[in-house]
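Chemist: First the structure, which I've put down as structure tokens, then a few questions once you've had a look.
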Amino acid sequence: MPLRPGKVPRDAVHHPLFARCYARASVAAETRMGMGRIRERLLGGLSGRVIEIGAGNGLNFAHYPGTVAEVVAIEPERRLRHLAVEAALRAEVPVDVVPGAAEALPVKSEGFDAAVVSLVLCSVRDVPRALGELRRALRPGGEVRFFEHGRGGGRAMTFTQQALDRTVWPLLSGGCHVAREPVRALRSAGFELGPYRQVLMPAEGPRLPASYCVLGTAWRPVSG
């Protein structure tokens, strides 16, 4: 069981309307946008104890391989957390769904072999602090699997993304930002970047502000 040091609010994030919309849209995206295949690539080959940050409604759980001994899934939003608990009951690997914020993970230091961040760095309040906590939770040499959206496209799209981040997008999308740079943030937090590649979502069709994604791997340095 994860350790809960200090006081972490049970509902560090509260976006009930967005949570309802996200729960419906994310299920539809599994097949329509190919998210199911992305999750397979994101999680394939993982093993040991895994911490997942911002588990949402738990759609990753069905894709964890049998080599994973345990998943501790952190989800701050109450409605999404309840859905994640239901998904955990159907998972083929042990999953413990825990309330908590990415900036103050309720877990012991160096207790995990791997970490998963999937469409979450866009919405955390303090990205450097959240990644610092993620690094703390991983053992030296521990692996990070990430699938995130962020800045992309040409000059006009980048301008649009930045304008949306300053105005309506976070308010309408549960705190999401579309102009963040997840690869740069991971590198700045001291992670060693492994292979990663750009992914467009959806692969076919119009390019939207949230279409520019990156799928890849990073590691906590062995010496740090």
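Going by the structure tokens order, chains are called A, B, ..., each with residues numbered from 1, while ligands are numbered from 1 in the order shown.
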I want to know what sits within 6 Å of Tyr212 in chain A, based on only C-alpha atoms, with residues of the same chain fewer than 6 positions away left out; could you give that as a list in words?

Modeler: His149, Gly150, Gly152 and Leu200 of chain A

Chemist: Save out the residues we just selected, C-alpha atoms, as a PDB file, in the first residue's frame.

Modeler:
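Output below, filename result.pdb:
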```
ATOM      1  CA  HIS A 149       0.138  16.515 -26.197  1.00  0.00           C
ATOM      2  CA  GLY A 150       1.690  19.948 -26.505  1.00  0.00           C
ATOM      3  CA  GLY A 152       3.196  21.757 -32.429  1.00  0.00           C
ATOM      4  CA  LEU A 200      -0.929  13.185 -34.551  1.00  0.00           C
TER       5      LEU A 200
END
```

Chemist: Just the residues within 9 Å of Arg151 in chain A, please, counting only C-alpha atoms, with nothing from its chain fewer than 6 positions along; format it as number ranges by chain.

Modeler: A: 157-158, 161-162, 178-182, 209-210, 212-213

Chemist: Can I get the selection written as a short mmCIF file (atom, residue, chain, number, x, y, z; two decimals), in the first residue's frame, with all heavy atoms?

Modeler:
```cif
data_model
loop_
_atom_site.label_atom_id
_atom_site.label_comp_id
_atom_site.auth_asym_id
_atom_site.auth_seq_id
_atom_site.Cartn_x
_atom_site.Cartn_y
_atom_site.Cartn_z
N MET A 157 -0.35 27.89 -35.77
CA MET A 157 -0.91 26.99 -34.78
C MET A 157 -0.31 27.27 -33.40
O MET A 157 -1.02 27.26 -32.39
CB MET A 157 -0.67 25.53 -35.17
CG MET A 157 -1.18 24.52 -34.15
SD MET A 157 -2.96 24.65 -33.79
CE MET A 157 -3.64 23.85 -35.27
N THR A 158 1.00 27.51 -33.35
CA THR A 158 1.64 27.82 -32.07
C THR A 158 1.04 29.09 -31.46
O THR A 158 0.77 29.15 -30.25
CB THR A 158 3.16 27.99 -32.25
OG1 THR A 158 3.71 26.76 -32.72
CG2 THR A 158 3.83 28.37 -30.93
N GLN A 161 -2.36 28.16 -30.08
CA GLN A 161 -2.25 27.40 -28.84
C GLN A 161 -1.93 28.32 -27.66
O GLN A 161 -2.54 28.19 -26.59
CB GLN A 161 -1.17 26.34 -28.98
CG GLN A 161 -1.53 25.19 -29.91
CD GLN A 161 -0.37 24.25 -30.12
OE1 GLN A 161 0.78 24.68 -30.25
NE2 GLN A 161 -0.65 22.96 -30.15
N GLN A 162 -0.99 29.23 -27.85
CA GLN A 162 -0.62 30.13 -26.76
C GLN A 162 -1.77 31.05 -26.38
O GLN A 162 -2.01 31.31 -25.19
CB GLN A 162 0.62 30.93 -27.16
CG GLN A 162 1.87 30.08 -27.29
CD GLN A 162 3.04 30.84 -27.89
OE1 GLN A 162 2.85 31.79 -28.66
NE2 GLN A 162 4.25 30.45 -27.55
N VAL A 178 -2.53 23.63 -24.06
CA VAL A 178 -2.15 23.00 -25.32
C VAL A 178 -0.79 23.42 -25.84
O VAL A 178 -0.31 22.88 -26.83
CB VAL A 178 -3.22 23.26 -26.42
CG1 VAL A 178 -4.48 22.47 -26.14
CG2 VAL A 178 -3.52 24.75 -26.56
N ALA A 179 -0.13 24.38 -25.17
CA ALA A 179 1.14 24.88 -25.68
C ALA A 179 2.33 24.48 -24.80
O ALA A 179 3.42 25.02 -24.96
CB ALA A 179 1.10 26.41 -25.81
N ARG A 180 2.16 23.53 -23.90
CA ARG A 180 3.28 23.07 -23.09
C ARG A 180 4.19 22.17 -23.91
O ARG A 180 3.81 21.69 -24.97
CB ARG A 180 2.77 22.35 -21.84
CG ARG A 180 2.14 23.31 -20.83
CD ARG A 180 1.65 22.63 -19.58
NE ARG A 180 1.17 23.61 -18.61
CZ ARG A 180 0.58 23.31 -17.46
NH1 ARG A 180 0.41 22.02 -17.12
NH2 ARG A 180 0.17 24.25 -16.64
N GLU A 181 5.40 21.96 -23.39
CA GLU A 181 6.40 21.18 -24.11
C GLU A 181 6.87 20.02 -23.22
O GLU A 181 7.84 20.17 -22.46
CB GLU A 181 7.58 22.07 -24.51
CG GLU A 181 7.16 23.20 -25.45
CD GLU A 181 8.33 24.09 -25.84
OE1 GLU A 181 9.05 23.74 -26.79
OE2 GLU A 181 8.51 25.12 -25.19
N PRO A 182 6.22 18.88 -23.29
CA PRO A 182 6.50 17.80 -22.35
C PRO A 182 7.92 17.24 -22.43
O PRO A 182 8.52 16.91 -21.41
CB PRO A 182 5.46 16.73 -22.71
CG PRO A 182 4.98 17.08 -24.08
CD PRO A 182 5.09 18.56 -24.18
N PRO A 209 -5.81 22.13 -31.98
CA PRO A 209 -4.77 22.58 -31.05
C PRO A 209 -4.20 21.48 -30.16
O PRO A 209 -3.05 21.57 -29.73
CB PRO A 209 -5.50 23.65 -30.22
CG PRO A 209 -6.55 24.18 -31.15
CD PRO A 209 -7.01 22.99 -31.95
N ALA A 210 -4.98 20.44 -29.89
CA ALA A 210 -4.51 19.35 -29.03
C ALA A 210 -4.07 18.12 -29.83
O ALA A 210 -3.91 17.04 -29.26
CB ALA A 210 -5.61 18.96 -28.05
N TYR A 212 -1.18 17.57 -31.41
CA TYR A 212 0.26 17.33 -31.53
C TYR A 212 0.78 16.62 -30.28
O TYR A 212 0.95 17.23 -29.23
CB TYR A 212 0.97 18.66 -31.77
CG TYR A 212 0.45 19.33 -33.02
CD1 TYR A 212 -0.63 20.21 -32.95
CD2 TYR A 212 0.98 19.03 -34.27
CE1 TYR A 212 -1.14 20.80 -34.10
CE2 TYR A 212 0.49 19.62 -35.42
CZ TYR A 212 -0.58 20.49 -35.34
OH TYR A 212 -1.09 21.06 -36.47
N CYS A 213 1.01 15.32 -30.42
CA CYS A 213 1.36 14.47 -29.28
C CYS A 213 2.75 13.89 -29.44
O CYS A 213 3.31 13.87 -30.53
CB CYS A 213 0.35 13.32 -29.15
SG CYS A 213 -1.36 13.86 -28.96
#
```

Chemist: Here is a test: counting only C-alpha atoms, which residue of A:Gly194, A:Gly132, A:Gly48, A:Gly54 is nearest to Arg81 in chain A?

Modeler: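 Closest candidate: A:Gly54.
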
Chemist: To one decimal place, how far is CA of Asn60 in chain A from CA of Gly175 in chain A in Å?

Modeler: 21.0 Å

Chemist: Have a look at CA of Gly36 in chain A and CA of Ala62 in chain A and let me know their distance in Å, one decimal.

Modeler: 9.6 Å

Chemist: Give me the range 89-204 of chain A side of the contact with range 63-76 of chain A, cut-off 12 Å, one line per residue showing its nearest atom pair and distance in Å at one decimal, counting only C-alpha atoms, sorted by chain and residue number, as JSON lines.

Modeler:
```
{"residue": "A:Arg90", "atom": "CA", "partner": "A:His63", "partner_atom": "CA", "distance": 11.3}
{"residue": "A:Ala91", "atom": "CA", "partner": "A:Tyr64", "partner_atom": "CA", "distance": 8.3}
{"residue": "A:Glu92", "atom": "CA", "partner": "A:Gly66", "partner_atom": "CA", "distance": 7.2}
{"residue": "A:Val93", "atom": "CA", "partner": "A:Gly66", "partner_atom": "CA", "distance": 6.3}
{"residue": "A:Pro94", "atom": "CA", "partner": "A:Glu70", "partner_atom": "CA", "distance": 5.0}
{"residue": "A:Val95", "atom": "CA", "partner": "A:Val71", "partner_atom": "CA", "distance": 4.6}
{"residue": "A:Asp96", "atom": "CA", "partner": "A:Val72", "partner_atom": "CA", "distance": 4.9}
{"residue": "A:Val97", "atom": "CA", "partner": "A:Ala73", "partner_atom": "CA", "distance": 4.7}
{"residue": "A:Val98", "atom": "CA", "partner": "A:Ile74", "partner_atom": "CA", "distance": 5.0}
{"residue": "A:Pro99", "atom": "CA", "partner": "A:Pro76", "partner_atom": "CA", "distance": 5.1}
{"residue": "A:Gly100", "atom": "CA", "partner": "A:Pro76", "partner_atom": "CA", "distance": 5.1}
{"residue": "A:Ala101", "atom": "CA", "partner": "A:Pro76", "partner_atom": "CA", "distance": 5.7}
{"residue": "A:Ala102", "atom": "CA", "partner": "A:Ile74", "partner_atom": "CA", "distance": 7.7}
{"residue": "A:Glu103", "atom": "CA", "partner": "A:Pro76", "partner_atom": "CA", "distance": 10.9}
{"residue": "A:Ala104", "atom": "CA", "partner": "A:Ile74", "partner_atom": "CA", "distance": 10.5}
{"residue": "A:Leu105", "atom": "CA", "partner": "A:Ile74", "partner_atom": "CA", "distance": 7.9}
{"residue": "A:Pro106", "atom": "CA", "partner": "A:Ile74", "partner_atom": "CA", "distance": 8.5}
{"residue": "A:Val107", "atom": "CA", "partner": "A:Val72", "partner_atom": "CA", "distance": 9.0}
{"residue": "A:Lys108", "atom": "CA", "partner": "A:Val72", "partner_atom": "CA", "distance": 11.5}
{"residue": "A:Gly111", "atom": "CA", "partner": "A:Val72", "partner_atom": "CA", "distance": 10.6}
{"residue": "A:Phe112", "atom": "CA", "partner": "A:Val72", "partner_atom": "CA", "distance": 9.2}
{"residue": "A:Asp113", "atom": "CA", "partner": "A:Val68", "partner_atom": "CA", "distance": 9.7}
{"residue": "A:Ala114", "atom": "CA", "partner": "A:Val71", "partner_atom": "CA", "distance": 9.5}
{"residue": "A:Ala115", "atom": "CA", "partner": "A:Val71", "partner_atom": "CA", "distance": 9.2}
{"residue": "A:Val116", "atom": "CA", "partner": "A:Ala73", "partner_atom": "CA", "distance": 9.2}
{"residue": "A:Val117", "atom": "CA", "partner": "A:Ala73", "partner_atom": "CA", "distance": 10.4}
{"residue": "A:Ser118", "atom": "CA", "partner": "A:Ala73", "partner_atom": "CA", "distance": 11.6}
{"residue": "A:Val120", "atom": "CA", "partner": "A:Glu75", "partner_atom": "CA", "distance": 10.2}
{"residue": "A:Ser123", "atom": "CA", "partner": "A:Pro76", "partner_atom": "CA", "distance": 11.5}
{"residue": "A:Val124", "atom": "CA", "partner": "A:Pro76", "partner_atom": "CA", "distance": 10.4}
{"residue": "A:Leu134", "atom": "CA", "partner": "A:Ile74", "partner_atom": "CA", "distance": 11.4}
{"residue": "A:Ala137", "atom": "CA", "partner": "A:Val72", "partner_atom": "CA", "distance": 11.2}
{"residue": "A:Gly174", "atom": "CA", "partner": "A:Pro76", "partner_atom": "CA", "distance": 11.8}
```

Chemist: So that I have them on file, write out the residues from the current selection with N, CA and C atoms, as a JSON list (two decimals), in the first residue's frame.

Modeler:
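Output saved as part08.json:
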```json
[["chain", "number", "residue", "atom", "x", "y", "z"],
["A", 90, "ARG", "N", -11.73, -4.64, -13.05],
["A", 90, "ARG", "CA", -11.74, -5.47, -14.25],
["A", 90, "ARG", "C", -10.34, -5.75, -14.78],
["A", 91, "ALA", "N", -9.33, -5.11, -14.22],
["A", 91, "ALA", "CA", -7.96, -5.25, -14.74],
["A", 91, "ALA", "C", -7.39, -6.61, -14.41],
["A", 92, "GLU", "N", -6.46, -7.05, -15.24],
["A", 92, "GLU", "CA", -5.82, -8.35, -15.05],
["A", 92, "GLU", "C", -4.57, -8.27, -14.18],
["A", 93, "VAL", "N", -4.17, -7.04, -13.80],
["A", 93, "VAL", "CA", -3.07, -6.86, -12.87],
["A", 93, "VAL", "C", -3.61, -6.09, -11.66],
["A", 94, "PRO", "N", -2.98, -6.21, -10.49],
["A", 94, "PRO", "CA", -3.46, -5.48, -9.31],
["A", 94, "PRO", "C", -3.31, -3.97, -9.49],
["A", 95, "VAL", "N", -4.40, -3.24, -9.28],
["A", 95, "VAL", "CA", -4.39, -1.79, -9.41],
["A", 95, "VAL", "C", -4.98, -1.18, -8.14],
["A", 96, "ASP", "N", -4.26, -0.27, -7.53],
["A", 96, "ASP", "CA", -4.71, 0.46, -6.35],
["A", 96, "ASP", "C", -4.92, 1.91, -6.77],
["A", 97, "VAL", "N", -6.17, 2.38, -6.76],
["A", 97, "VAL", "CA", -6.49, 3.75, -7.15],
["A", 97, "VAL", "C", -6.47, 4.63, -5.90],
["A", 98, "VAL", "N", -5.67, 5.70, -5.95],
["A", 98, "VAL", "CA", -5.39, 6.50, -4.77],
["A", 98, "VAL", "C", -5.67, 7.98, -5.07],
["A", 99, "PRO", "N", -6.35, 8.71, -4.17],
["A", 99, "PRO", "CA", -6.47, 10.15, -4.35],
["A", 99, "PRO", "C", -5.15, 10.84, -4.08],
["A", 100, "GLY", "N", -4.91, 11.93, -4.76],
["A", 100, "GLY", "CA", -3.66, 12.66, -4.54],
["A", 100, "GLY", "C", -3.35, 13.58, -5.69],
["A", 101, "ALA", "N", -2.44, 14.50, -5.47],
["A", 101, "ALA", "CA", -2.03, 15.47, -6.48],
["A", 101, "ALA", "C", -0.65, 15.12, -7.01],
["A", 102, "ALA", "N", -0.41, 15.40, -8.29],
["A", 102, "ALA", "CA", 0.88, 15.11, -8.90],
["A", 102, "ALA", "C", 2.01, 15.86, -8.22],
["A", 103, "GLU", "N", 1.69, 17.03, -7.67],
["A", 103, "GLU", "CA", 2.72, 17.85, -7.04],
["A", 103, "GLU", "C", 3.06, 17.38, -5.62],
["A", 104, "ALA", "N", 2.31, 16.43, -5.08],
["A", 104, "ALA", "CA", 2.58, 15.90, -3.73],
["A", 104, "ALA", "C", 2.14, 14.44, -3.70],
["A", 105, "LEU", "N", 2.89, 13.59, -4.37],
["A", 105, "LEU", "CA", 2.49, 12.19, -4.51],
["A", 105, "LEU", "C", 2.48, 11.49, -3.15],
["A", 106, "PRO", "N", 1.40, 10.80, -2.82],
["A", 106, "PRO", "CA", 1.28, 10.14, -1.51],
["A", 106, "PRO", "C", 1.94, 8.77, -1.50],
["A", 107, "VAL", "N", 3.22, 8.71, -1.85],
["A", 107, "VAL", "CA", 3.94, 7.44, -1.95],
["A", 107, "VAL", "C", 5.35, 7.60, -1.40],
["A", 108, "LYS", "N", 5.97, 6.46, -1.08],
["A", 108, "LYS", "CA", 7.35, 6.45, -0.60],
["A", 108, "LYS", "C", 8.32, 6.79, -1.73],
["A", 111, "GLY", "N", 10.12, 3.96, -4.65],
["A", 111, "GLY", "CA", 9.34, 2.74, -4.45],
["A", 111, "GLY", "C", 8.84, 2.08, -5.72],
["A", 112, "PHE", "N", 9.17, 2.65, -6.89],
["A", 112, "PHE", "CA", 8.58, 2.15, -8.13],
["A", 112, "PHE", "C", 9.66, 1.90, -9.19],
["A", 113, "ASP", "N", 9.40, 0.86, -9.99],
["A", 113, "ASP", "CA", 10.29, 0.52, -11.09],
["A", 113, "ASP", "C", 10.01, 1.33, -12.34],
["A", 114, "ALA", "N", 8.77, 1.81, -12.47],
["A", 114, "ALA", "CA", 8.38, 2.54, -13.68],
["A", 114, "ALA", "C", 7.26, 3.50, -13.34],
["A", 115, "ALA", "N", 7.10, 4.50, -14.21],
["A", 115, "ALA", "CA", 6.03, 5.49, -14.05],
["A", 115, "ALA", "C", 5.39, 5.73, -15.40],
["A", 116, "VAL", "N", 4.11, 6.07, -15.37],
["A", 116, "VAL", "CA", 3.35, 6.35, -16.58],
["A", 116, "VAL", "C", 2.69, 7.71, -16.44],
["A", 117, "VAL", "N", 2.91, 8.58, -17.43],
["A", 117, "VAL", "CA", 2.17, 9.84, -17.53],
["A", 117, "VAL", "C", 1.52, 9.88, -18.90],
["A", 118, "SER", "N", 0.22, 9.98, -18.91],
["A", 118, "SER", "CA", -0.55, 9.87, -20.14],
["A", 118, "SER", "C", -1.60, 10.98, -20.18],
["A", 120, "VAL", "N", -1.49, 14.01, -19.04],
["A", 120, "VAL", "CA", -1.66, 14.60, -17.71],
["A", 120, "VAL", "C", -0.79, 15.83, -17.49],
["A", 123, "SER", "N", -2.23, 19.37, -17.73],
["A", 123, "SER", "CA", -3.20, 19.93, -16.78],
["A", 123, "SER", "C", -2.69, 20.10, -15.36],
["A", 124, "VAL", "N", -1.50, 19.58, -15.02],
["A", 124, "VAL", "CA", -1.01, 19.78, -13.66],
["A", 124, "VAL", "C", -0.69, 21.26, -13.45],
["A", 134, "LEU", "N", 7.68, 12.87, -9.36],
["A", 134, "LEU", "CA", 7.77, 11.62, -10.13],
["A", 134, "LEU", "C", 9.17, 11.04, -10.04],
["A", 137, "ALA", "N", 9.67, 9.38, -6.70],
["A", 137, "ALA", "CA", 8.96, 8.11, -6.52],
["A", 137, "ALA", "C", 9.66, 6.95, -7.23],
["A", 174, "GLY", "N", -10.83, 21.57, -18.03],
["A", 174, "GLY", "CA", -10.33, 21.00, -16.79],
["A", 174, "GLY", "C", -8.89, 21.35, -16.47]]
```

Chemist: Show me, as a VMD selection string, the residues that have an atom within 9 Å of Leu215 in chain A when counting only C-alpha atoms, minus same-chain residues fewer than 6 positions from it.

Modeler: chain A and resid 38 41 to 42 145 to 149 195 to 199

Chemist: How would the residues just picked look written out with all heavy atoms as a compact mmCIF listing (two decimals), in the first residue's frame?

Modeler:
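The file below, part.txt, is the result:
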```txt
# COMPACT_ATOMS: atom_id res chain seq x y z
N ILE A 38 -2.46 3.16 -29.11
CA ILE A 38 -1.45 3.99 -28.46
C ILE A 38 -1.16 3.45 -27.06
O ILE A 38 0.00 3.35 -26.63
CB ILE A 38 -1.92 5.45 -28.37
CG1 ILE A 38 -1.99 6.08 -29.77
CG2 ILE A 38 -1.00 6.26 -27.46
CD1 ILE A 38 -0.65 6.29 -30.42
N ARG A 41 1.15 0.46 -27.11
CA ARG A 41 2.56 0.82 -27.32
C ARG A 41 3.14 1.51 -26.09
O ARG A 41 4.31 1.31 -25.76
CB ARG A 41 2.69 1.71 -28.56
CG ARG A 41 2.38 1.00 -29.86
CD ARG A 41 2.97 1.73 -31.05
NE ARG A 41 2.28 2.98 -31.32
CZ ARG A 41 1.24 3.09 -32.14
NH1 ARG A 41 0.75 2.01 -32.75
NH2 ARG A 41 0.66 4.26 -32.35
N LEU A 42 2.33 2.33 -25.45
CA LEU A 42 2.79 3.07 -24.28
C LEU A 42 3.20 2.13 -23.15
O LEU A 42 4.21 2.36 -22.48
CB LEU A 42 1.66 4.00 -23.79
CG LEU A 42 1.90 4.77 -22.49
CD1 LEU A 42 3.00 5.81 -22.68
CD2 LEU A 42 0.60 5.43 -22.02
N ARG A 145 7.27 6.10 -18.97
CA ARG A 145 6.58 6.02 -20.26
C ARG A 145 5.64 7.23 -20.36
O ARG A 145 4.84 7.47 -19.43
CB ARG A 145 5.77 4.73 -20.37
CG ARG A 145 6.59 3.46 -20.27
CD ARG A 145 7.41 3.21 -21.51
NE ARG A 145 8.11 1.93 -21.43
CZ ARG A 145 7.59 0.78 -21.83
NH1 ARG A 145 6.35 0.74 -22.35
NH2 ARG A 145 8.30 -0.34 -21.72
N PHE A 146 5.70 7.96 -21.45
CA PHE A 146 4.87 9.15 -21.56
C PHE A 146 4.16 9.23 -22.91
O PHE A 146 4.70 8.84 -23.95
CB PHE A 146 5.68 10.42 -21.31
CG PHE A 146 6.84 10.66 -22.25
CD1 PHE A 146 6.68 11.39 -23.42
CD2 PHE A 146 8.10 10.15 -21.96
CE1 PHE A 146 7.75 11.61 -24.28
CE2 PHE A 146 9.18 10.37 -22.81
CZ PHE A 146 9.01 11.09 -23.97
N PHE A 147 2.93 9.70 -22.85
CA PHE A 147 2.16 10.06 -24.04
C PHE A 147 1.46 11.37 -23.71
O PHE A 147 0.54 11.40 -22.87
CB PHE A 147 1.15 8.99 -24.42
CG PHE A 147 0.28 9.38 -25.60
CD1 PHE A 147 0.83 9.48 -26.87
CD2 PHE A 147 -1.06 9.69 -25.44
CE1 PHE A 147 0.06 9.87 -27.96
CE2 PHE A 147 -1.84 10.06 -26.51
CZ PHE A 147 -1.28 10.15 -27.79
N GLU A 148 1.91 12.45 -24.30
CA GLU A 148 1.43 13.78 -23.95
C GLU A 148 1.20 14.61 -25.20
O GLU A 148 1.84 14.40 -26.22
CB GLU A 148 2.46 14.49 -23.06
CG GLU A 148 2.70 13.83 -21.71
CD GLU A 148 1.53 13.98 -20.76
OE1 GLU A 148 0.67 14.87 -20.98
OE2 GLU A 148 1.46 13.21 -19.78
N HIS A 149 0.29 15.57 -25.09
CA HIS A 149 0.14 16.51 -26.20
C HIS A 149 0.75 17.84 -25.79
O HIS A 149 0.98 18.12 -24.61
CB HIS A 149 -1.33 16.67 -26.61
CG HIS A 149 -2.18 17.42 -25.63
ND1 HIS A 149 -2.21 18.79 -25.57
CD2 HIS A 149 -3.05 16.99 -24.68
CE1 HIS A 149 -3.06 19.18 -24.64
NE2 HIS A 149 -3.57 18.10 -24.08
N PRO A 195 14.08 7.00 -26.67
CA PRO A 195 13.41 7.22 -27.95
C PRO A 195 12.01 7.79 -27.76
O PRO A 195 11.29 7.40 -26.85
CB PRO A 195 13.37 5.82 -28.58
CG PRO A 195 13.48 4.88 -27.42
CD PRO A 195 14.32 5.56 -26.40
N TYR A 196 11.65 8.72 -28.63
CA TYR A 196 10.28 9.26 -28.63
C TYR A 196 9.94 9.67 -30.05
O TYR A 196 10.82 9.91 -30.88
CB TYR A 196 10.13 10.43 -27.66
CG TYR A 196 10.97 11.64 -27.96
CD1 TYR A 196 10.50 12.66 -28.79
CD2 TYR A 196 12.24 11.78 -27.40
CE1 TYR A 196 11.28 13.78 -29.05
CE2 TYR A 196 13.03 12.90 -27.66
CZ TYR A 196 12.53 13.89 -28.48
OH TYR A 196 13.30 14.99 -28.75
N ARG A 197 8.64 9.73 -30.32
CA ARG A 197 8.23 10.12 -31.66
C ARG A 197 6.96 10.95 -31.62
O ARG A 197 6.15 10.84 -30.67
CB ARG A 197 8.02 8.89 -32.56
CG ARG A 197 6.86 7.99 -32.19
CD ARG A 197 6.88 6.76 -33.08
NE ARG A 197 5.72 5.91 -32.93
CZ ARG A 197 4.60 6.02 -33.66
NH1 ARG A 197 4.51 6.98 -34.56
NH2 ARG A 197 3.59 5.19 -33.49
N GLN A 198 6.79 11.78 -32.61
CA GLN A 198 5.60 12.61 -32.73
C GLN A 198 4.43 11.78 -33.22
O GLN A 198 4.58 10.91 -34.08
CB GLN A 198 5.86 13.77 -33.68
CG GLN A 198 7.06 14.63 -33.33
CD GLN A 198 6.90 15.36 -32.02
OE1 GLN A 198 5.82 15.81 -31.67
NE2 GLN A 198 8.00 15.46 -31.28
N VAL A 199 3.27 12.05 -32.67
CA VAL A 199 2.04 11.35 -33.06
C VAL A 199 0.95 12.40 -33.24
O VAL A 199 0.80 13.29 -32.40
CB VAL A 199 1.60 10.34 -31.97
CG1 VAL A 199 0.29 9.66 -32.37
CG2 VAL A 199 2.68 9.32 -31.72
```

Chemist: Where does DSSP see alpha helix (DSSP H) in range 24-207 of chain A, if you list the residues as number ranges by chain?

Modeler: A: 24-32, 35-43, 78-90, 127-137, 155-166, 169-172, 182-188

Chemist: Enter the distance from CA of Gly44 in chain A to CA of Pro128 in chain A, in Å, rounded to one decimal.

Modeler: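 Distance between the two atoms: 26.6 Å.
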
Chemist: Excluding Gly56 in chain A and its own-chain neighbours fewer than 3 positions away, which residues fall within 8 Å of it when counting only C-alpha atoms? Please give them as a VMD selection string.

Modeler: chain A and resid 59 75 77 80 to 81 83 to 84

Chemist: Let me see the file: selected residues, C-alpha atoms, as a PDB file, in the first residue's frame.

Modeler:
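Output contents, as saved in selection18.pdb:
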```pdb
ATOM      1  CA  LEU A  59      -8.546   3.238 -19.549  1.00  0.00           C
ATOM      2  CA  GLU A  75      -6.227  10.419  -9.651  1.00  0.00           C
ATOM      3  CA  GLU A  77     -10.713  14.201  -9.579  1.00  0.00           C
ATOM      4  CA  LEU A  80     -12.892  10.101 -12.636  1.00  0.00           C
ATOM      5  CA  ARG A  81     -11.410   8.333  -9.618  1.00  0.00           C
ATOM      6  CA  LEU A  83     -14.626   5.304 -12.673  1.00  0.00           C
ATOM      7  CA  ALA A  84     -10.976   4.303 -12.313  1.00  0.00           C
TER       8      ALA A  84
END
```

Chemist: Counting only C-alpha atoms, which of A:Met201, A:Val50, A:Ala156, A:Ala218 gets nearest to Arg184 in chain A?

Modeler: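 Using only C-alpha atoms, Arg184 in chain A sits closest to A:Ala218.
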
Chemist: Fewer than 3 positions away in the same chain doesn't count, so skip those; otherwise give me all residues within 8 Å of Phe18 in chain A, counting only C-alpha atoms, as a list of chain:residue names.

Modeler: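 After dropping sequence-adjacent residues, the list is A:His15, A:Cys21, A:Tyr22, A:Leu172, A:Ser173, A:Gly174.
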
Chemist: Convert the current residue selection to file output with C-alpha atoms, as an mmCIF file, in the first residue's frame.

Modeler:
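Contents of the output file again35.cif:
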```
data_model
loop_
_atom_site.group_PDB
_atom_site.id
_atom_site.type_symbol
_atom_site.label_atom_id
_atom_site.label_comp_id
_atom_site.auth_asym_id
_atom_site.auth_seq_id
_atom_site.Cartn_x
_atom_site.Cartn_y
_atom_site.Cartn_z
ATOM 1 C CA HIS A 15 -13.945 19.554 -12.487
ATOM 2 C CA CYS A 21 -17.455 14.954 -20.827
ATOM 3 C CA TYR A 22 -13.970 13.465 -20.708
ATOM 4 C CA LEU A 172 -13.281 24.769 -20.557
ATOM 5 C CA SER A 173 -10.959 21.747 -20.436
ATOM 6 C CA GLY A 174 -10.325 21.001 -16.793
#
```

Chemist: Check the smallest atom-to-atom distance from each of A:Ala185, A:Ala55, A:Val85, A:Ala203 to Arg129 in chain A using only C-alpha atoms, then report the winner.

Modeler: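 Comparing A:Ala185, A:Ala55, A:Val85, A:Ala203 against Arg129 in chain A, the winner is A:Ala185.
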
Chemist: I need the residue nearest Glu133 in chain A from this list: A:Ala29, A:Ala19, A:Ala189, A:Leu43. Use only C-alpha atoms for the distance.

Modeler: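 Closest residue, counting only C-alpha atoms: A:Ala189.
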
Chemist: Could you give me, as a PyMOL selection string, the residues within 8 Å of His177 in chain A, counting only C-alpha atoms and dropping anything in the same chain fewer than 4 positions from it?

Modeler: chain A and resi 122-123+150+164-165+169-170

Chemist: Using only C-alpha atoms, pick whichever of A:Arg37, A:Arg32, A:Arg79, A:Arg207 has the shortest atom-to-atom distance to Arg20 in chain A.

Modeler: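 Smallest separation from Arg20 in chain A among the options: A:Arg79.
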